[in-house]
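Q: entry_19.tsv is reproduced in full below (TSV, C-alpha atoms).
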```
chain	number	residue	atom	x	y	z
U	160	MET	CA	1.45	5.52	-18.37
U	161	HIS	CA	1.52	5.38	-14.60
U	162	SER	CA	4.64	4.02	-12.93
U	163	LEU	CA	2.71	1.13	-11.34
U	164	ALA	CA	3.33	-1.03	-14.38
U	165	ARG	CA	6.97	-0.58	-15.28
U	166	PRO	CA	8.97	-3.78	-14.73
U	167	ALA	CA	10.46	-5.45	-17.79
U	168	GLY	CA	7.88	-7.85	-19.06
U	169	ARG	CA	6.16	-8.49	-15.70
U	170	ILE	CA	4.38	-6.38	-13.20
U	171	SER	CA	6.10	-3.49	-11.55
U	172	LEU	CA	3.33	-2.74	-9.20
U	173	LEU	CA	3.21	-1.18	-5.85
U	174	LEU	CA	-0.18	-1.84	-4.69
U	175	LEU	CA	-1.25	-0.75	-1.41
U	176	LEU	CA	-1.12	-2.58	1.69
U	177	GLY	CA	0.61	-1.02	4.60
U	178	MET	CA	-0.21	-3.85	6.85
U	179	VAL	CA	0.30	-3.46	10.58
U	180	LEU	CA	-0.11	-5.70	13.59
U	181	PRO	CA	-3.68	-6.59	14.52
U	182	ALA	CA	-5.03	-5.06	17.69
U	183	ALA	CA	-4.77	-8.38	19.51
U	184	ALA	CA	-0.98	-8.26	19.15
U	185	GLN	CA	-0.57	-4.66	20.29
U	186	THR	CA	0.39	-3.25	23.65
U	187	GLY	CA	-0.35	0.06	25.29
U	188	GLY	CA	-3.95	-0.38	26.36
U	189	MET	CA	-5.34	-1.71	23.10
U	190	GLN	CA	-8.01	-4.40	22.98
U	191	ASN	CA	-7.23	-8.09	23.45
U	192	GLY	CA	-8.68	-11.11	21.72
U	193	PRO	CA	-9.11	-12.19	18.10
U	194	PHE	CA	-8.92	-9.52	15.44
U	195	ASP	CA	-11.78	-9.13	12.96
U	196	GLY	CA	-10.47	-7.64	9.72
U	197	MET	CA	-13.91	-6.82	8.32
U	198	SER	CA	-14.92	-3.17	8.44
U	199	SER	CA	-17.55	-0.85	7.01
U	200	GLU	CA	-14.69	1.12	5.41
U	201	ILE	CA	-12.01	-0.71	3.44
U	202	VAL	CA	-9.08	0.70	1.51
U	203	VAL	CA	-8.29	-1.61	-1.41
U	204	PRO	CA	-4.59	-1.82	-2.32
U	205	ALA	CA	-4.77	-0.53	-5.86
U	206	ALA	CA	-6.72	-0.54	-9.05
U	207	VAL	CA	-4.93	-0.23	-12.37
U	208	ARG	CA	-5.80	-0.40	-16.02
U	209	VAL	CA	-2.60	0.59	-17.74
U	210	ASP	CA	-0.07	-0.37	-20.40
U	211	GLY	CA	3.04	-2.20	-19.24
U	212	LYS	CA	6.40	-3.08	-20.75
U	213	ASN	CA	6.79	-5.41	-23.72
U	214	GLY	CA	3.16	-5.19	-24.76
U	215	ALA	CA	1.69	-6.03	-21.35
U	216	PHE	CA	-1.62	-4.54	-20.32
U	217	PHE	CA	-2.59	-4.68	-16.66
U	218	GLN	CA	-6.13	-4.79	-15.33
U	219	THR	CA	-7.76	-5.37	-11.96
U	220	ASP	CA	-10.35	-7.75	-10.54
U	221	LEU	CA	-12.04	-7.09	-7.19
U	222	TRP	CA	-13.76	-9.44	-4.76
U	223	ILE	CA	-15.93	-8.09	-1.92
U	224	ARG	CA	-17.18	-10.33	0.91
U	225	CYS	CA	-19.98	-9.40	3.28
U	226	ARG	CA	-21.65	-11.36	6.09
U	227	THR	CA	-25.22	-10.19	5.49
U	228	VAL	CA	-26.99	-9.35	2.24
U	229	PRO	CA	-28.27	-7.26	0.72
U	230	VAL	CA	-25.89	-4.48	1.77
U	231	ALA	CA	-25.67	-1.00	0.27
U	232	ALA	CA	-22.12	0.15	-0.46
U	233	THR	CA	-20.32	2.94	-2.28
U	234	LEU	CA	-17.14	2.39	-4.26
U	235	TYR	CA	-14.77	5.34	-4.74
U	236	PHE	CA	-11.86	5.43	-7.18
U	237	TYR	CA	-8.97	7.80	-6.33
U	238	PRO	CA	-6.18	8.25	-8.92
U	239	ALA	CA	-2.57	8.12	-7.78
U	240	ASP	CA	-0.86	11.51	-7.33
U	241	ALA	CA	-4.22	13.27	-7.30
U	242	ALA	CA	-4.45	17.00	-6.62
U	243	SER	CA	-7.32	16.70	-4.13
U	244	ALA	CA	-9.27	14.21	-2.03
U	245	SER	CA	-12.19	14.19	-4.45
U	246	PRO	CA	-12.75	10.75	-6.00
U	247	ALA	CA	-12.51	10.54	-9.77
U	248	VAL	CA	-15.54	8.22	-9.87
U	249	THR	CA	-18.19	7.29	-7.29
U	250	VAL	CA	-20.36	4.22	-7.83
U	251	PRO	CA	-23.17	3.12	-5.46
U	252	VAL	CA	-23.76	-0.63	-5.49
U	253	THR	CA	-25.90	-3.18	-3.69
U	254	LEU	CA	-24.06	-6.30	-2.59
U	255	THR	CA	-26.60	-9.05	-3.14
U	256	GLN	CA	-24.36	-12.10	-2.58
U	257	PRO	CA	-21.96	-13.10	0.21
U	258	VAL	CA	-19.07	-12.74	-2.28
U	259	VAL	CA	-19.36	-10.23	-5.12
U	260	TYR	CA	-16.86	-10.52	-7.99
U	261	LEU	CA	-16.15	-7.45	-10.12
U	262	PRO	CA	-13.86	-8.38	-13.04
U	263	ASP	CA	-11.86	-5.63	-14.73
U	264	VAL	CA	-13.36	-3.30	-12.14
U	265	LEU	CA	-12.00	-0.01	-13.49
U	266	SER	CA	-13.59	-0.53	-16.89
U	267	THR	CA	-16.78	-2.43	-16.05
U	268	THR	CA	-17.72	-0.77	-12.75
U	269	PHE	CA	-16.09	2.67	-12.85
U	270	GLY	CA	-16.10	3.22	-16.63
U	271	VAL	CA	-12.42	4.20	-16.60
U	272	PRO	CA	-10.50	3.06	-19.72
U	273	LYS	CA	-6.98	3.73	-18.38
U	274	SER	CA	-5.78	4.87	-14.96
U	275	ALA	CA	-4.07	3.77	-11.75
U	276	GLY	CA	-4.99	4.46	-8.15
U	277	ASN	CA	-6.88	3.11	-5.15
U	278	ILE	CA	-10.40	1.97	-4.33
U	279	ARG	CA	-12.20	2.82	-1.11
U	280	ILE	CA	-15.29	0.86	-0.11
U	281	VAL	CA	-17.81	2.29	2.36
U	282	ALA	CA	-20.62	-0.13	3.22
U	283	GLY	CA	-23.63	-0.32	5.46
U	284	ALA	CA	-22.18	-3.42	7.15
U	285	PRO	CA	-18.67	-4.85	7.64
U	286	VAL	CA	-17.02	-6.14	4.46
U	287	SER	CA	-13.64	-7.42	3.36
U	288	ALA	CA	-12.01	-7.19	-0.04
U	289	VAL	CA	-9.26	-8.68	-2.20
U	290	VAL	CA	-7.82	-7.21	-5.38
U	291	ARG	CA	-5.91	-8.97	-8.15
U	292	VAL	CA	-3.86	-6.99	-10.66
U	293	TYR	CA	-2.61	-8.98	-13.64
U	294	ASN	CA	-1.56	-9.01	-17.26
U	295	ASN	CA	-3.89	-11.01	-19.46
U	296	GLY	CA	-2.38	-10.38	-22.85
U	297	GLY	CA	-2.27	-14.01	-23.92
U	298	GLY	CA	-0.15	-17.01	-23.03
U	299	GLY	CA	-1.42	-17.06	-19.46
U	300	ALA	CA	-1.98	-14.34	-16.90
U	301	PHE	CA	0.51	-13.17	-14.27
U	302	GLY	CA	0.30	-10.60	-11.51
U	303	LEU	CA	-0.14	-10.02	-7.78
U	304	SER	CA	-2.99	-10.10	-5.28
U	305	PHE	CA	-3.54	-8.01	-2.16
U	306	MET	CA	-6.04	-7.82	0.66
U	307	GLY	CA	-7.94	-4.62	1.36
U	308	MET	CA	-7.49	-3.23	4.86
U	309	PRO	CA	-9.60	-1.17	7.27
U	310	SER	CA	-8.37	2.41	7.16
U	311	THR	CA	-8.08	2.32	10.96
U	312	MET	CA	-5.14	-0.08	10.63
U	313	SER	CA	-2.93	2.71	9.31
U	314	LEU	CA	0.12	4.54	10.54
U	315	GLN	CA	-0.37	7.90	12.24
U	316	SER	CA	2.24	10.47	13.24
U	317	MET	CA	4.04	10.89	16.52
U	318	PRO	CA	2.35	13.62	18.58
U	319	MET	CA	4.22	16.91	19.03
U	320	MET	CA	4.57	16.06	22.70
U	321	GLY	CA	6.07	12.63	22.17
U	322	GLY	CA	6.27	11.70	25.84
U	323	SER	CA	7.98	8.34	26.29
U	324	PHE	CA	7.38	7.33	22.67
U	325	GLY	CA	10.27	6.85	20.24
U	326	MET	CA	10.65	6.88	16.47
U	327	ASP	CA	9.89	3.16	16.14
U	328	ASP	CA	6.52	3.57	17.85
U	329	PHE	CA	5.29	5.67	14.92
U	330	ALA	CA	6.99	4.13	11.89
U	331	MET	CA	6.47	1.32	9.39
U	332	TYR	CA	9.35	-0.89	8.32
U	333	MET	CA	9.92	-3.06	5.26
U	334	LEU	CA	12.54	-5.80	5.56
U	335	GLY	CA	13.42	-8.60	3.15
U	336	LEU	CA	14.32	-6.45	0.15
U	337	LEU	CA	16.69	-7.86	-2.46
U	338	PRO	CA	19.15	-5.25	-3.76
U	339	GLU	CA	19.98	-3.70	-7.10
U	340	PRO	CA	21.14	-4.40	-9.77
U	341	GLY	CA	19.61	-7.86	-9.72
U	342	ASN	CA	16.31	-6.49	-8.46
U	343	ARG	CA	14.21	-3.36	-8.51
U	344	VAL	CA	12.46	-2.25	-5.34
U	345	ASN	CA	9.48	0.11	-5.51
U	346	VAL	CA	7.71	1.55	-2.47
U	347	SER	CA	4.14	2.83	-2.42
U	348	VAL	CA	2.60	5.07	0.24
U	349	VAL	CA	-1.20	5.34	0.39
U	350	ASN	CA	-3.10	8.06	2.22
U	351	THR	CA	-6.01	6.42	4.05
U	352	SER	CA	-7.45	9.68	5.38
U	353	SER	CA	-9.25	12.66	3.82
U	354	GLY	CA	-6.60	15.30	4.47
U	355	THR	CA	-3.19	15.76	2.89
U	356	VAL	CA	-0.36	13.80	4.57
U	357	THR	CA	3.35	14.61	4.63
U	358	GLY	CA	6.27	12.45	5.62
U	359	PHE	CA	9.30	10.49	4.44
U	360	VAL	CA	10.33	7.18	2.95
U	361	GLU	CA	13.83	6.42	4.27
U	362	VAL	CA	16.36	3.75	3.32
U	363	LEU	CA	18.31	2.45	6.32
U	364	ASP	CA	21.15	0.03	6.86
U	365	SER	CA	20.56	-3.16	8.81
U	366	ASP	CA	21.32	-1.47	12.15
U	367	GLY	CA	19.07	1.51	11.41
U	368	SER	CA	21.91	3.85	10.50
U	369	ALA	CA	22.60	5.59	7.19
U	370	PRO	CA	23.84	3.23	4.43
U	371	SER	CA	26.64	4.03	1.99
U	372	GLY	CA	26.43	4.81	-1.71
U	373	THR	CA	25.29	7.70	-3.87
U	374	GLY	CA	21.57	6.95	-3.96
U	375	VAL	CA	18.92	9.10	-2.27
U	376	THR	CA	18.06	7.71	1.17
U	377	SER	CA	15.36	10.19	2.25
U	378	LEU	CA	12.34	10.67	-0.01
U	379	PRO	CA	9.73	13.23	1.12
U	380	PHE	CA	6.07	12.83	0.19
U	381	GLN	CA	2.97	14.99	0.20
U	382	ILE	CA	-0.13	13.04	-0.76
U	383	ALA	CA	-3.70	14.29	-1.13
U	384	GLY	CA	-6.52	12.56	0.71
U	385	TYR	CA	-7.06	8.91	-0.28
U	386	SER	CA	-4.47	9.17	-3.04
U	387	SER	CA	-1.07	7.47	-3.24
U	388	HIS	CA	2.46	7.87	-4.53
U	389	GLN	CA	4.97	5.32	-5.75
U	390	PHE	CA	8.74	5.66	-5.38
U	391	ASN	CA	10.59	3.61	-8.00
U	392	GLY	CA	13.98	1.97	-7.59
U	393	VAL	CA	14.48	3.10	-3.99
U	394	LEU	CA	17.61	0.96	-3.45
U	395	ALA	CA	19.45	2.14	-6.57
U	396	ASN	CA	23.11	2.97	-5.79
U	397	ILE	CA	22.62	2.32	-2.06
U	398	HIS	CA	24.78	-0.21	-0.22
U	399	SER	CA	25.08	-1.72	3.22
U	400	ARG	CA	28.17	-1.02	5.32
U	401	PHE	CA	28.13	-4.55	6.72
U	402	GLY	CA	29.74	-7.72	5.43
U	403	SER	CA	26.43	-9.50	5.02
U	404	GLY	CA	25.81	-7.45	1.90
U	405	ASP	CA	22.94	-5.31	0.67
U	406	THR	CA	20.25	-7.82	1.66
U	407	GLY	CA	20.21	-6.11	5.06
U	408	LEU	CA	18.90	-2.81	3.70
U	409	GLN	CA	15.47	-1.80	5.00
U	410	VAL	CA	12.91	0.91	4.34
U	411	ARG	CA	11.13	3.03	6.95
U	412	VAL	CA	7.99	5.12	6.41
U	413	ARG	CA	6.99	7.85	8.84
U	414	LEU	CA	4.77	10.92	8.92
U	415	ASN	CA	6.03	14.33	9.96
U	416	GLN	CA	5.74	14.70	13.73
U	417	GLY	CA	2.42	16.18	14.79
U	418	SER	CA	0.89	16.00	11.30
U	419	ALA	CA	-2.66	14.81	10.74
U	420	GLY	CA	-3.79	11.84	8.70
U	421	MET	CA	-2.79	8.20	8.28
U	422	VAL	CA	-0.97	6.10	5.68
U	423	MET	CA	-0.34	2.52	4.64
U	424	ALA	CA	2.78	1.38	2.79
U	425	TYR	CA	4.28	-1.63	1.04
U	426	ALA	CA	7.05	-2.58	-1.37
U	427	VAL	CA	7.29	-4.82	-4.39
U	428	VAL	CA	10.62	-6.45	-5.25
U	429	ASN	CA	10.99	-7.33	-8.94
U	430	ASP	CA	13.67	-9.71	-10.22
U	431	ASN	CA	15.32	-7.98	-13.19
U	432	THR	CA	16.17	-11.31	-14.86
U	433	THR	CA	13.02	-13.36	-14.42
U	434	ASN	CA	10.65	-10.40	-13.88
U	435	ASP	CA	9.14	-12.24	-10.91
U	436	GLY	CA	7.84	-10.03	-8.09
U	437	TYR	CA	6.90	-10.35	-4.44
U	438	VAL	CA	5.25	-8.03	-1.93
U	439	VAL	CA	6.72	-6.79	1.34
U	440	MET	CA	4.11	-5.21	3.59
U	441	GLY	CA	4.91	-2.30	5.85
U	442	THR	CA	4.74	-3.48	9.46
U	443	MET	CA	4.87	-1.84	12.87
U	444	MET	CA	6.66	-4.64	14.68
U	445	ASN	CA	8.78	-2.21	16.69
U	446	GLY	CA	5.98	-0.70	18.78
U	447	GLY	CA	2.88	0.07	16.83
U	448	ARG	CA	1.59	2.88	19.04
U	449	GLY	CA	1.14	4.93	15.89
U	450	MET	CA	-1.64	2.72	14.59
U	451	GLY	CA	-4.87	4.51	13.80
U	452	MET	CA	-6.92	2.04	15.87
U	453	MET	CA	-5.71	3.68	19.07
U	454	PRO	CA	-8.33	5.66	21.00
```
Could I get this file's structure written as structure tokens?
A:
Amino acid sequence: MHSLARPAGRISLLLLLGMVLPAAAQTGGMQNGPFDGMSSEIVVPAAVRVDGKNGAFFQTDLWIRCRTVPVAATLYFYPADAASASPAVTVPVTLTQPVVYLPDVLSTTFGVPKSAGNIRIVAGAPVSAVVRVYNNGGGGAFGLSFMGMPSTMSLQSMPMMGGSFGMDDFAMYMLGLLPEPGNRVNVSVVNTSSGTVTGFVEVLDSDGSAPSGTGVTSLPFQIAGYSSHQFNGVLANIHSRFGSGDTGLQVRVRLNQGSAGMVMAYAVVNDNTTNDGYVVMGTMMNGGRGMGMMP
């Protein structure tokens, strides 16, 4: 069973969405004006069809919206922790309605009985997408929903000749994480490019320095093209050095300097008592020059 569905009784999912600032909010020569999130290439947060804890079984529904129909599109499914950038399944489709609903998409569209990973949509016209991952084992469904994002809205690495740029210009941050042992925090990194990416997930104190505790605060990753990796329980045995408590801990994601490729990232915080979960999207509020939309 993939680690995406491990919380006690509820969803322990880290579904993609490394969301960054829209171009209209960026500086450094980027375009001004309203941001249009539709794109002819969309990376969908995640697609799972896996067993969970306490008899739960998680599946995925997908909605695709397009402005003009009919539109030819290709859907690619990439398993998590894949060995290569080759999709496990490729399905050409024709979008014949403004909103196309694909229930239990892994089974009904891709023919995959059990797996976890990401969906990439390449269309002949701009589209947008939303995914819902949920347990529907009886007594009412529960789960999480995420918006697909254009791959161009991803984090890229700092160039080898960094110039006047700093670390924060090429990093994603996740703030608003409730600590262990009351909660479990999982972080997912998704490769939105065709080549292998390398980098780190780092746990920082509220001032950006190293926290205390015995937990691992630097987690390296190497992810094949369009695949993903989930880090479970990233705040375990890690504590803030400040009086405000462990609620000030934050997570940073960055690529190795000068490396190719792009990533998105996000966290899910699961309450260990109620099993409720919420999503924290990776943002580039500190500078955002590392966004893939840059020329």
Q: Grab the atom CA of Ser371 of chain U to atom CA of Gly404 of chain U distance for me, in Å with one decimal place.
A: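 These atoms are spaced 11.5 Å apart.
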Q: List as a list in words the residues having at least one atom at most 8 Å from position (-1.7, -9.1, -1.0) as given in the file, counting all atoms listed in the file.
A: Leu176, Pro204, Val289, Val290, Leu303, Ser304, Phe305, Met306 and Val438 of chain U
Q: Nearest to Asn396 of chain U among U:Asn342, U:Thr351, U:Thr233, U:Gln381, with distances taken over all atoms listed in the file: which residue is it?
A: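 Counting all atoms listed in the file, the residue closest to Asn396 of chain U is U:Asn342.
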Q: Which one is closest to Gly420 of chain U: U:Thr253, U:Asn294, U:Thr357, U:Asn345? Count only C-alpha atoms.
A: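 So, comparing all the options, the nearest one is U:Thr357.
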Q: Please report the interatomic distance between atom CA of Val349 of chain U and atom CA of Pro262 of chain U in Å with one decimal.
A: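 Separating atom CA of Val349 of chain U from atom CA of Pro262 of chain U is a distance of 23.0 Å.
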Q: In Å to one decimal, how far is atom CA of Thr219 of chain U from atom CA of Thr268 of chain U?
A: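 Interatomic distance, atom CA of Thr268 of chain U to atom CA of Thr219 of chain U: 11.0 Å.
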Q: Find, counting only C-alpha atoms, the residue in U:Ala282, U:Leu337, U:Ile397, U:Ala330 that gets nearest to Gln416 of chain U.
A: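 Closest residue, counting only C-alpha atoms: U:Ala330.
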Q: Considering only C-alpha atoms, state which residue in the set U:Val281, U:Leu234, U:Leu261, U:Val292 is at the smallest distance from Ala206 of chain U.
A: U:Val292
Q: Taking only C-alpha atoms, show segment 248-358 of chain U of the given structure as a PDB file, in the first residue's frame.
A:
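Writing the result to out.pdb gives the following:
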```pdb
ATOM      1  CA  VAL U 248      -0.805   4.460 -18.650  1.00  0.00           C
ATOM      2  CA  THR U 249      -1.594   6.881 -21.486  1.00  0.00           C
ATOM      3  CA  VAL U 250      -5.206   7.551 -22.465  1.00  0.00           C
ATOM      4  CA  PRO U 251      -6.269   9.838 -25.354  1.00  0.00           C
ATOM      5  CA  VAL U 252      -9.670  11.433 -24.800  1.00  0.00           C
ATOM      6  CA  THR U 253     -11.932  13.943 -26.506  1.00  0.00           C
ATOM      7  CA  LEU U 254     -13.463  16.528 -24.193  1.00  0.00           C
ATOM      8  CA  THR U 255     -16.943  17.010 -25.592  1.00  0.00           C
ATOM      9  CA  GLN U 256     -18.465  19.118 -22.795  1.00  0.00           C
ATOM     10  CA  PRO U 257     -17.347  22.302 -21.017  1.00  0.00           C
ATOM     11  CA  VAL U 258     -16.917  20.252 -17.820  1.00  0.00           C
ATOM     12  CA  VAL U 259     -15.996  16.574 -18.068  1.00  0.00           C
ATOM     13  CA  TYR U 260     -16.407  14.431 -14.931  1.00  0.00           C
ATOM     14  CA  LEU U 261     -14.362  11.238 -14.615  1.00  0.00           C
ATOM     15  CA  PRO U 262     -15.414   9.323 -11.475  1.00  0.00           C
ATOM     16  CA  ASP U 263     -12.990   6.800  -9.987  1.00  0.00           C
ATOM     17  CA  VAL U 264     -10.595   7.881 -12.711  1.00  0.00           C
ATOM     18  CA  LEU U 265      -7.827   5.349 -12.068  1.00  0.00           C
ATOM     19  CA  SER U 266     -10.165   2.405 -12.494  1.00  0.00           C
ATOM     20  CA  THR U 267     -12.639   3.657 -15.097  1.00  0.00           C
ATOM     21  CA  THR U 268     -10.318   5.726 -17.311  1.00  0.00           C
ATOM     22  CA  PHE U 269      -6.841   4.262 -16.775  1.00  0.00           C
ATOM     23  CA  GLY U 270      -7.830   0.668 -15.960  1.00  0.00           C
ATOM     24  CA  VAL U 271      -5.617   0.649 -12.853  1.00  0.00           C
ATOM     25  CA  PRO U 272      -7.064  -1.391  -9.950  1.00  0.00           C
ATOM     26  CA  LYS U 273      -4.669  -0.120  -7.249  1.00  0.00           C
ATOM     27  CA  SER U 274      -1.948   2.526  -7.364  1.00  0.00           C
ATOM     28  CA  ALA U 275      -1.002   6.050  -6.309  1.00  0.00           C
ATOM     29  CA  GLY U 276       0.617   8.826  -8.291  1.00  0.00           C
ATOM     30  CA  ASN U 277      -0.079  11.896 -10.421  1.00  0.00           C
ATOM     31  CA  ILE U 278      -2.041  12.752 -13.550  1.00  0.00           C
ATOM     32  CA  ARG U 279      -0.754  15.023 -16.288  1.00  0.00           C
ATOM     33  CA  ILE U 280      -3.185  16.455 -18.833  1.00  0.00           C
ATOM     34  CA  VAL U 281      -1.972  17.725 -22.210  1.00  0.00           C
ATOM     35  CA  ALA U 282      -4.736  19.267 -24.323  1.00  0.00           C
ATOM     36  CA  GLY U 283      -5.162  21.012 -27.625  1.00  0.00           C
ATOM     37  CA  ALA U 284      -6.589  24.061 -25.830  1.00  0.00           C
ATOM     38  CA  PRO U 285      -6.300  25.529 -22.314  1.00  0.00           C
ATOM     39  CA  VAL U 286      -7.987  23.471 -19.596  1.00  0.00           C
ATOM     40  CA  SER U 287      -8.230  23.444 -15.815  1.00  0.00           C
ATOM     41  CA  ALA U 288      -8.735  20.500 -13.495  1.00  0.00           C
ATOM     42  CA  VAL U 289      -9.793  19.557  -9.971  1.00  0.00           C
ATOM     43  CA  VAL U 290      -9.239  16.234  -8.246  1.00  0.00           C
ATOM     44  CA  ARG U 291     -11.067  14.786  -5.250  1.00  0.00           C
ATOM     45  CA  VAL U 292      -9.595  11.888  -3.282  1.00  0.00           C
ATOM     46  CA  TYR U 293     -11.954  10.279  -0.785  1.00  0.00           C
ATOM     47  CA  ASN U 294     -12.973   7.201   1.139  1.00  0.00           C
ATOM     48  CA  ASN U 295     -16.380   5.909   0.139  1.00  0.00           C
ATOM     49  CA  GLY U 296     -16.586   2.781   2.236  1.00  0.00           C
ATOM     50  CA  GLY U 297     -20.019   3.480   3.663  1.00  0.00           C
ATOM     51  CA  GLY U 298     -21.419   5.856   6.255  1.00  0.00           C
ATOM     52  CA  GLY U 299     -20.565   8.900   4.167  1.00  0.00           C
ATOM     53  CA  ALA U 300     -17.493   9.887   2.200  1.00  0.00           C
ATOM     54  CA  PHE U 301     -14.566  11.956   3.473  1.00  0.00           C
ATOM     55  CA  GLY U 302     -11.415  13.221   1.815  1.00  0.00           C
ATOM     56  CA  LEU U 303      -9.658  16.210   0.271  1.00  0.00           C
ATOM     57  CA  SER U 304      -9.834  18.152  -2.982  1.00  0.00           C
ATOM     58  CA  PHE U 305      -7.071  19.919  -4.910  1.00  0.00           C
ATOM     59  CA  MET U 306      -6.766  22.058  -7.996  1.00  0.00           C
ATOM     60  CA  GLY U 307      -4.505  21.028 -10.862  1.00  0.00           C
ATOM     61  CA  MET U 308      -1.815  23.551 -11.758  1.00  0.00           C
ATOM     62  CA  PRO U 309       0.055  24.524 -14.926  1.00  0.00           C
ATOM     63  CA  SER U 310       3.494  22.952 -14.797  1.00  0.00           C
ATOM     64  CA  THR U 311       4.990  26.393 -15.495  1.00  0.00           C
ATOM     65  CA  MET U 312       3.932  27.496 -12.006  1.00  0.00           C
ATOM     66  CA  SER U 313       6.608  25.310 -10.430  1.00  0.00           C
ATOM     67  CA  LEU U 314       9.770  25.912  -8.470  1.00  0.00           C
ATOM     68  CA  GLN U 315      13.074  25.847 -10.337  1.00  0.00           C
ATOM     69  CA  SER U 316      16.596  25.859  -8.933  1.00  0.00           C
ATOM     70  CA  MET U 317      18.887  28.768  -8.254  1.00  0.00           C
ATOM     71  CA  PRO U 318      21.355  29.185 -11.141  1.00  0.00           C
ATOM     72  CA  MET U 319      24.997  28.305 -10.483  1.00  0.00           C
ATOM     73  CA  MET U 320      25.823  31.974 -10.870  1.00  0.00           C
ATOM     74  CA  GLY U 321      23.283  33.212  -8.358  1.00  0.00           C
ATOM     75  CA  GLY U 322      23.982  36.910  -8.862  1.00  0.00           C
ATOM     76  CA  SER U 323      21.954  39.003  -6.434  1.00  0.00           C
ATOM     77  CA  PHE U 324      19.491  36.192  -5.745  1.00  0.00           C
ATOM     78  CA  GLY U 325      19.227  34.574  -2.317  1.00  0.00           C
ATOM     79  CA  MET U 326      17.946  31.263  -0.995  1.00  0.00           C
ATOM     80  CA  ASP U 327      14.401  32.559  -0.533  1.00  0.00           C
ATOM     81  CA  ASP U 328      14.136  33.521  -4.196  1.00  0.00           C
ATOM     82  CA  PHE U 329      14.334  29.846  -5.172  1.00  0.00           C
ATOM     83  CA  ALA U 330      12.508  28.039  -2.375  1.00  0.00           C
ATOM     84  CA  MET U 331       8.978  27.038  -1.394  1.00  0.00           C
ATOM     85  CA  TYR U 332       7.778  27.397   2.176  1.00  0.00           C
ATOM     86  CA  MET U 333       4.979  25.724   4.125  1.00  0.00           C
ATOM     87  CA  LEU U 334       3.764  27.511   7.259  1.00  0.00           C
ATOM     88  CA  GLY U 335       0.796  26.737   9.504  1.00  0.00           C
ATOM     89  CA  LEU U 336       1.802  23.211  10.493  1.00  0.00           C
ATOM     90  CA  LEU U 337       0.491  21.794  13.765  1.00  0.00           C
ATOM     91  CA  PRO U 338       3.117  19.731  15.615  1.00  0.00           C
ATOM     92  CA  GLU U 339       3.454  16.162  16.795  1.00  0.00           C
ATOM     93  CA  PRO U 340       2.271  14.241  18.766  1.00  0.00           C
ATOM     94  CA  GLY U 341      -1.199  15.676  18.341  1.00  0.00           C
ATOM     95  CA  ASN U 342      -0.790  15.814  14.579  1.00  0.00           C
ATOM     96  CA  ARG U 343       1.046  14.126  11.755  1.00  0.00           C
ATOM     97  CA  VAL U 344       2.544  16.248   8.994  1.00  0.00           C
ATOM     98  CA  ASN U 345       3.363  14.703   5.614  1.00  0.00           C
ATOM     99  CA  VAL U 346       5.080  16.557   2.779  1.00  0.00           C
ATOM    100  CA  SER U 347       4.855  15.640  -0.899  1.00  0.00           C
ATOM    101  CA  VAL U 348       7.183  16.814  -3.657  1.00  0.00           C
ATOM    102  CA  VAL U 349       6.055  16.412  -7.273  1.00  0.00           C
ATOM    103  CA  ASN U 350       8.345  16.598 -10.285  1.00  0.00           C
ATOM    104  CA  THR U 351       6.571  18.646 -12.971  1.00  0.00           C
ATOM    105  CA  SER U 352       9.301  18.195 -15.589  1.00  0.00           C
ATOM    106  CA  SER U 353      10.540  15.279 -17.703  1.00  0.00           C
ATOM    107  CA  GLY U 354      14.015  14.948 -16.192  1.00  0.00           C
ATOM    108  CA  THR U 355      15.069  13.720 -12.770  1.00  0.00           C
ATOM    109  CA  VAL U 356      15.118  16.392 -10.038  1.00  0.00           C
ATOM    110  CA  THR U 357      17.205  16.486  -6.871  1.00  0.00           C
ATOM    111  CA  GLY U 358      16.859  18.658  -3.817  1.00  0.00           C
TER     112      GLY U 358
END
```
